[in-house]
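Student: Please read through the structure below; I'll follow up with questions.
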Amino acid sequence: MPEQTIREQSETIPPPRALLQMAMGYWESQTVYVAAKLGIADLLKDGPKSSADLAQDTRTHPGSLHRLMRALASLGVVTEENDNRFALTPIGNALQSNVPGSLRTMVLTLGEEHYYAWGNLYQSVKTGEPGFNHVYKMGLFQYFAQNPPAGEVFSAAMANLTELLSFSVVLAYDFSKFSFVVDVGGGRGGLINAILMTYRKLNGALFDTAHIIEDATKVRSGVGLVKRCGAIAGDFFKSVPPGADAYLLKNVLHDWDDQHCIKILKNCRNAMANKGRVLLLETVLRADGTDSFDMLQDLDMLVISGGRERSEAEYGTLLEVAGLKLTKIFPTISPLSVIEAEPK
């Protein structure tokens, strides 16, 4: 998380300039997106290159590519050396593919589907409907099902993000009291893998839709946890695997409106073992509403899926309706908190 909120940063510069920086924020995001799309960081991983060489490698216009590289240097993604060559910075390293901490696929999905959905924020505010649906004429998950390449990028982005966040969850919450956990909507299994690697006596199951489970099985085959963690395909709106003493839902509920969330939670409540727990891993909005990152993430959920970020009180209400009660919230070093709930 940044040390200062956008609001705090804006107070240190003249108001007109602060407003312009806010309005022009997408200039920066699209510059970084194009660098990710062209694979610039992968081309620089072995050392500096000139913009002319990079243009040849990426089959782009040399003069325009040089201007992109200068802009990336001004943002701190690369450095420009005296001999007109460019090298990666620690920030730029995260734009590489298939490295620990990679955010390349996240930048790609933010620069494509999210970018176009945000272009229809006005429509969302007017109607309450996702801007994504207005652009693509269908919902987010239906679109990914019908457009596998885009779905693959999105799944990889979520997996990379989960990899970064998972150990913050393991550090914040004690899973030793459980014997069997189910990761509901767990994607490729980054979270359940991190938990099982830390708690060696724990067993679990990864639960998601059939095509995601098929993809996850390929990714997880070399992790060494397959014997302790099954992979189950299904639909969490219909049911979840029964008998677990903990059900994990990381960034699941924020994708959905209250009605859909209650359905998912009720299915977990009906499936859990006696004295089981539901653990929601979500951003919890501050009561004073001062964190601009959280507020903007909430708008992102509005435009991309029709979901929302929620406060402690709002999560408490959802859980209550689903036959659960919020027992405690465990903050982590990441934007996520672990929201623990038990049967009423």
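Ordering of the structure tokens sets the chain letters (A, B, ...); residue numbers start at 1 within each chain; ligands are numbered from 1 in the order shown.
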Quick one: residues within 12 Å of Lys201 of chain A, only C-alpha atoms counted, chain neighbours fewer than 2 positions away excluded, as a PDB file with all heavy atoms, in the first residue's frame?
Tutor:
ATOM      1  N   PHE A 175      -4.404 -21.078  11.358  1.00  0.00           N
ATOM      2  CA  PHE A 175      -5.196 -22.145  10.749  1.00  0.00           C
ATOM      3  C   PHE A 175      -4.986 -23.496  11.439  1.00  0.00           C
ATOM      4  O   PHE A 175      -5.552 -24.500  11.002  1.00  0.00           O
ATOM      5  CB  PHE A 175      -4.836 -22.280   9.260  1.00  0.00           C
ATOM      6  CG  PHE A 175      -5.316 -21.140   8.409  1.00  0.00           C
ATOM      7  CD1 PHE A 175      -4.529 -20.002   8.246  1.00  0.00           C
ATOM      8  CD2 PHE A 175      -6.550 -21.193   7.775  1.00  0.00           C
ATOM      9  CE1 PHE A 175      -4.963 -18.939   7.458  1.00  0.00           C
ATOM     10  CE2 PHE A 175      -6.990 -20.143   6.993  1.00  0.00           C
ATOM     11  CZ  PHE A 175      -6.203 -19.009   6.831  1.00  0.00           C
ATOM     12  N   SER A 176      -4.187 -23.533  12.501  1.00  0.00           N
ATOM     13  CA  SER A 176      -3.854 -24.809  13.127  1.00  0.00           C
ATOM     14  C   SER A 176      -5.051 -25.474  13.798  1.00  0.00           C
ATOM     15  O   SER A 176      -5.029 -26.681  14.056  1.00  0.00           O
ATOM     16  CB  SER A 176      -2.730 -24.621  14.154  1.00  0.00           C
ATOM     17  OG  SER A 176      -3.157 -23.781  15.222  1.00  0.00           O
ATOM     18  N   LYS A 177      -6.111 -24.713  14.075  1.00  0.00           N
ATOM     19  CA  LYS A 177      -7.283 -25.281  14.746  1.00  0.00           C
ATOM     20  C   LYS A 177      -8.179 -26.057  13.790  1.00  0.00           C
ATOM     21  O   LYS A 177      -9.152 -26.683  14.205  1.00  0.00           O
ATOM     22  CB  LYS A 177      -8.096 -24.169  15.412  1.00  0.00           C
ATOM     23  CG  LYS A 177      -8.505 -23.047  14.477  1.00  0.00           C
ATOM     24  CD  LYS A 177      -9.055 -21.863  15.266  1.00  0.00           C
ATOM     25  CE  LYS A 177      -9.277 -20.649  14.380  1.00  0.00           C
ATOM     26  NZ  LYS A 177      -9.682 -19.460  15.146  1.00  0.00           N
ATOM     27  N   PHE A 178      -7.858 -26.011  12.485  1.00  0.00           N
ATOM     28  CA  PHE A 178      -8.669 -26.698  11.485  1.00  0.00           C
ATOM     29  C   PHE A 178      -7.969 -27.970  11.013  1.00  0.00           C
ATOM     30  O   PHE A 178      -6.746 -28.102  11.096  1.00  0.00           O
ATOM     31  CB  PHE A 178      -8.928 -25.799  10.283  1.00  0.00           C
ATOM     32  CG  PHE A 178      -9.573 -24.489  10.629  1.00  0.00           C
ATOM     33  CD1 PHE A 178      -8.985 -23.286  10.238  1.00  0.00           C
ATOM     34  CD2 PHE A 178     -10.754 -24.442  11.340  1.00  0.00           C
ATOM     35  CE1 PHE A 178      -9.575 -22.071  10.545  1.00  0.00           C
ATOM     36  CE2 PHE A 178     -11.360 -23.238  11.659  1.00  0.00           C
ATOM     37  CZ  PHE A 178     -10.764 -22.043  11.263  1.00  0.00           C
ATOM     38  N   SER A 179      -8.775 -28.903  10.512  1.00  0.00           N
ATOM     39  CA  SER A 179      -8.213 -30.121   9.917  1.00  0.00           C
ATOM     40  C   SER A 179      -8.457 -30.183   8.410  1.00  0.00           C
ATOM     41  O   SER A 179      -7.675 -30.777   7.673  1.00  0.00           O
ATOM     42  CB  SER A 179      -8.807 -31.360  10.584  1.00  0.00           C
ATOM     43  OG  SER A 179     -10.222 -31.386  10.413  1.00  0.00           O
ATOM     44  N   PHE A 180      -9.565 -29.553   7.954  1.00  0.00           N
ATOM     45  CA  PHE A 180      -9.895 -29.599   6.527  1.00  0.00           C
ATOM     46  C   PHE A 180     -10.522 -28.285   6.113  1.00  0.00           C
ATOM     47  O   PHE A 180     -11.514 -27.841   6.711  1.00  0.00           O
ATOM     48  CB  PHE A 180     -10.869 -30.749   6.246  1.00  0.00           C
ATOM     49  CG  PHE A 180     -11.154 -30.950   4.784  1.00  0.00           C
ATOM     50  CD1 PHE A 180     -10.216 -31.523   3.940  1.00  0.00           C
ATOM     51  CD2 PHE A 180     -12.364 -30.552   4.235  1.00  0.00           C
ATOM     52  CE1 PHE A 180     -10.470 -31.708   2.584  1.00  0.00           C
ATOM     53  CE2 PHE A 180     -12.640 -30.735   2.886  1.00  0.00           C
ATOM     54  CZ  PHE A 180     -11.685 -31.315   2.060  1.00  0.00           C
ATOM     55  N   VAL A 181      -9.946 -27.631   5.107  1.00  0.00           N
ATOM     56  CA  VAL A 181     -10.441 -26.343   4.646  1.00  0.00           C
ATOM     57  C   VAL A 181     -10.764 -26.419   3.155  1.00  0.00           C
ATOM     58  O   VAL A 181     -10.124 -27.167   2.416  1.00  0.00           O
ATOM     59  CB  VAL A 181      -9.426 -25.201   4.900  1.00  0.00           C
ATOM     60  CG1 VAL A 181      -9.120 -25.071   6.381  1.00  0.00           C
ATOM     61  CG2 VAL A 181      -8.138 -25.429   4.114  1.00  0.00           C
ATOM     62  N   ILE A 195      -1.327 -21.848   2.515  1.00  0.00           N
ATOM     63  CA  ILE A 195      -1.774 -22.295   3.833  1.00  0.00           C
ATOM     64  C   ILE A 195      -1.270 -23.707   4.124  1.00  0.00           C
ATOM     65  O   ILE A 195      -0.743 -23.993   5.207  1.00  0.00           O
ATOM     66  CB  ILE A 195      -3.310 -22.228   3.924  1.00  0.00           C
ATOM     67  CG1 ILE A 195      -3.778 -20.771   3.844  1.00  0.00           C
ATOM     68  CG2 ILE A 195      -3.800 -22.878   5.217  1.00  0.00           C
ATOM     69  CD1 ILE A 195      -5.272 -20.611   3.697  1.00  0.00           C
ATOM     70  N   LEU A 196      -1.413 -24.603   3.153  1.00  0.00           N
ATOM     71  CA  LEU A 196      -0.989 -25.990   3.368  1.00  0.00           C
ATOM     72  C   LEU A 196       0.526 -26.121   3.486  1.00  0.00           C
ATOM     73  O   LEU A 196       1.028 -27.019   4.187  1.00  0.00           O
ATOM     74  CB  LEU A 196      -1.507 -26.880   2.237  1.00  0.00           C
ATOM     75  CG  LEU A 196      -3.026 -27.028   2.130  1.00  0.00           C
ATOM     76  CD1 LEU A 196      -3.385 -28.014   1.028  1.00  0.00           C
ATOM     77  CD2 LEU A 196      -3.649 -27.460   3.444  1.00  0.00           C
ATOM     78  N   MET A 197       1.273 -25.274   2.819  1.00  0.00           N
ATOM     79  CA  MET A 197       2.732 -25.314   2.955  1.00  0.00           C
ATOM     80  C   MET A 197       3.162 -24.865   4.347  1.00  0.00           C
ATOM     81  O   MET A 197       4.210 -25.281   4.847  1.00  0.00           O
ATOM     82  CB  MET A 197       3.389 -24.446   1.887  1.00  0.00           C
ATOM     83  CG  MET A 197       3.432 -25.083   0.510  1.00  0.00           C
ATOM     84  SD  MET A 197       4.454 -24.175  -0.681  1.00  0.00           S
ATOM     85  CE  MET A 197       3.448 -22.734  -0.987  1.00  0.00           C
ATOM     86  N   THR A 198       2.347 -24.013   4.975  1.00  0.00           N
ATOM     87  CA  THR A 198       2.668 -23.525   6.318  1.00  0.00           C
ATOM     88  C   THR A 198       2.182 -24.486   7.396  1.00  0.00           C
ATOM     89  O   THR A 198       2.866 -24.711   8.403  1.00  0.00           O
ATOM     90  CB  THR A 198       2.041 -22.139   6.536  1.00  0.00           C
ATOM     91  OG1 THR A 198       2.464 -21.254   5.503  1.00  0.00           O
ATOM     92  CG2 THR A 198       2.443 -21.566   7.886  1.00  0.00           C
ATOM     93  N   TYR A 199       1.003 -25.069   7.166  1.00  0.00           N
ATOM     94  CA  TYR A 199       0.403 -25.981   8.146  1.00  0.00           C
ATOM     95  C   TYR A 199       0.416 -27.398   7.565  1.00  0.00           C
ATOM     96  O   TYR A 199      -0.477 -27.806   6.830  1.00  0.00           O
ATOM     97  CB  TYR A 199      -1.020 -25.535   8.482  1.00  0.00           C
ATOM     98  CG  TYR A 199      -1.067 -24.212   9.202  1.00  0.00           C
ATOM     99  CD1 TYR A 199      -1.117 -23.014   8.487  1.00  0.00           C
ATOM    100  CD2 TYR A 199      -1.036 -24.150  10.594  1.00  0.00           C
ATOM    101  CE1 TYR A 199      -1.143 -21.789   9.143  1.00  0.00           C
ATOM    102  CE2 TYR A 199      -1.062 -22.929  11.262  1.00  0.00           C
ATOM    103  CZ  TYR A 199      -1.111 -21.761  10.528  1.00  0.00           C
ATOM    104  OH  TYR A 199      -1.129 -20.545  11.189  1.00  0.00           O
ATOM    105  N   ASN A 203      -5.320 -30.514   5.646  1.00  0.00           N
ATOM    106  CA  ASN A 203      -5.741 -30.951   4.325  1.00  0.00           C
ATOM    107  C   ASN A 203      -6.777 -29.971   3.780  1.00  0.00           C
ATOM    108  O   ASN A 203      -7.391 -29.212   4.541  1.00  0.00           O
ATOM    109  CB  ASN A 203      -6.334 -32.364   4.377  1.00  0.00           C
ATOM    110  CG  ASN A 203      -5.288 -33.408   4.700  1.00  0.00           C
ATOM    111  OD1 ASN A 203      -4.305 -33.550   3.991  1.00  0.00           O
ATOM    112  ND2 ASN A 203      -5.492 -34.139   5.791  1.00  0.00           N
ATOM    113  N   GLY A 204      -6.984 -30.002   2.479  1.00  0.00           N
ATOM    114  CA  GLY A 204      -7.917 -29.042   1.917  1.00  0.00           C
ATOM    115  C   GLY A 204      -8.436 -29.440   0.556  1.00  0.00           C
ATOM    116  O   GLY A 204      -8.102 -30.502   0.021  1.00  0.00           O
ATOM    117  N   LEU A 225       1.496 -30.639  -3.438  1.00  0.00           N
ATOM    118  CA  LEU A 225       0.420 -30.625  -2.455  1.00  0.00           C
ATOM    119  C   LEU A 225      -0.820 -31.375  -2.925  1.00  0.00           C
ATOM    120  O   LEU A 225      -1.841 -31.368  -2.244  1.00  0.00           O
ATOM    121  CB  LEU A 225       0.031 -29.178  -2.134  1.00  0.00           C
ATOM    122  CG  LEU A 225       1.116 -28.304  -1.500  1.00  0.00           C
ATOM    123  CD1 LEU A 225       0.632 -26.872  -1.394  1.00  0.00           C
ATOM    124  CD2 LEU A 225       1.496 -28.828  -0.132  1.00  0.00           C
ATOM    125  N   ARG A 228      -2.615 -33.734  -0.584  1.00  0.00           N
ATOM    126  CA  ARG A 228      -3.270 -33.120   0.577  1.00  0.00           C
ATOM    127  C   ARG A 228      -4.370 -32.149   0.185  1.00  0.00           C
ATOM    128  O   ARG A 228      -5.064 -31.623   1.061  1.00  0.00           O
ATOM    129  CB  ARG A 228      -2.228 -32.380   1.424  1.00  0.00           C
ATOM    130  CG  ARG A 228      -1.229 -33.294   2.116  1.00  0.00           C
ATOM    131  CD  ARG A 228      -0.101 -32.491   2.743  1.00  0.00           C
ATOM    132  NE  ARG A 228      -0.625 -31.440   3.596  1.00  0.00           N
ATOM    133  CZ  ARG A 228       0.016 -30.292   3.841  1.00  0.00           C
ATOM    134  NH1 ARG A 228       1.183 -30.054   3.250  1.00  0.00           N
ATOM    135  NH2 ARG A 228      -0.501 -29.399   4.629  1.00  0.00           N
ATOM    136  N   CYS A 229      -4.530 -31.902  -1.102  1.00  0.00           N
ATOM    137  CA  CYS A 229      -5.508 -30.901  -1.533  1.00  0.00           C
ATOM    138  C   CYS A 229      -6.189 -31.358  -2.812  1.00  0.00           C
ATOM    139  O   CYS A 229      -5.578 -31.358  -3.883  1.00  0.00           O
ATOM    140  CB  CYS A 229      -4.829 -29.545  -1.745  1.00  0.00           C
ATOM    141  SG  CYS A 229      -5.978 -28.219  -2.151  1.00  0.00           S
TER     142      CYS A 229
END
Student: As a ChimeraX atom specification, please: all residues of segment 145-309 of chain A that backbone DSSP puts in alpha helix (DSSP H).
Tutor: /A:145-146,148-172,190-198,210-220,258-271,292-304
Student: Please return as a PyMOL selection string: the residues of segment 24-238 of chain A that backbone DSSP assigns to strand (DSSP E or B).
Tutor: chain A and resi 49-50+78-80+85-88+180-184+203-208+229-233
Student: Rounded to one decimal place, report the atom CA of Leu140 of chain A-atom CA of His254 of chain A distance in Å.
Tutor: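 The value is 13.5 Å.
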Student: Set the distance at 10 Å and use only C-alpha atoms: which residues neighbour segment 30-37 of chain A once local chain neighbours fewer than 4 positions away are removed? I'd like the list as a PyMOL selection string.
Tutor: chain A and resi 25-26+41-42+58+65+68-69+71-72+75+77+92+94-97+103-112+115
Student: Any idea what the distance is between atom CA of Pro48 of chain A and atom CA of Asn93 of chain A?
Tutor: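 Atom CA of Asn93 of chain A lies at a distance of 12.7 Å from atom CA of Pro48 of chain A.
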Student: Taking a cut-off of 8 Å and counting only C-alpha atoms, can you build a table that, for each residue of segment 125-189 of chain A near segment 326-343 of chain A, reports the nearest atom pair and how far apart they are in Å (one decimal), sorted by chain then residue number, as a Markdown table?
Tutor:
| residue | atom | partner | partner_atom | distance |
| --- | --- | --- | --- | --- |
| A:Leu165 | CA | A:Ser334 | CA | 6.4 |
| A:Ser168 | CA | A:Thr332 | CA | 5.7 |
| A:Val169 | CA | A:Thr332 | CA | 6.2 |
| A:Leu171 | CA | A:Thr332 | CA | 7.6 |
| A:Ala172 | CA | A:Thr332 | CA | 5.5 |
| A:Tyr173 | CA | A:Phe330 | CA | 6.9 |
Student: List the neighbours of Leu161 of chain A out to 9 Å using only C-alpha atoms; skip same-chain residues closer than 2 positions along the sequence, and give me the result as a list in words.
Tutor: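 Answer for this query is Gly101, Ser102, Leu103, Met106, Ala156, Ala157, Met158, Ala159, Glu163, Leu164, Leu165 and Ser166 of chain A.
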Student: Val182 of chain A: which residues within 8 Å, counting only C-alpha atoms, same-chain residues fewer than 3 positions away excluded, as a list in words?
Tutor: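 The contact residues come out as Gly204, Ala205, Leu206, Phe207, Pro241, Ala244, Ala246, Tyr247 and Leu248 of chain A.
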Student: Please determine, counting only C-alpha atoms, which residue among A:Asp53, A:Asp46, A:Glu214, A:Asp183 has the shortest atom-to-atom distance to Val278 of chain A.
Tutor: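 Going through A:Asp53, A:Asp46, A:Glu214, A:Asp183 one by one, the smallest distance to Val278 of chain A is for A:Asp183.
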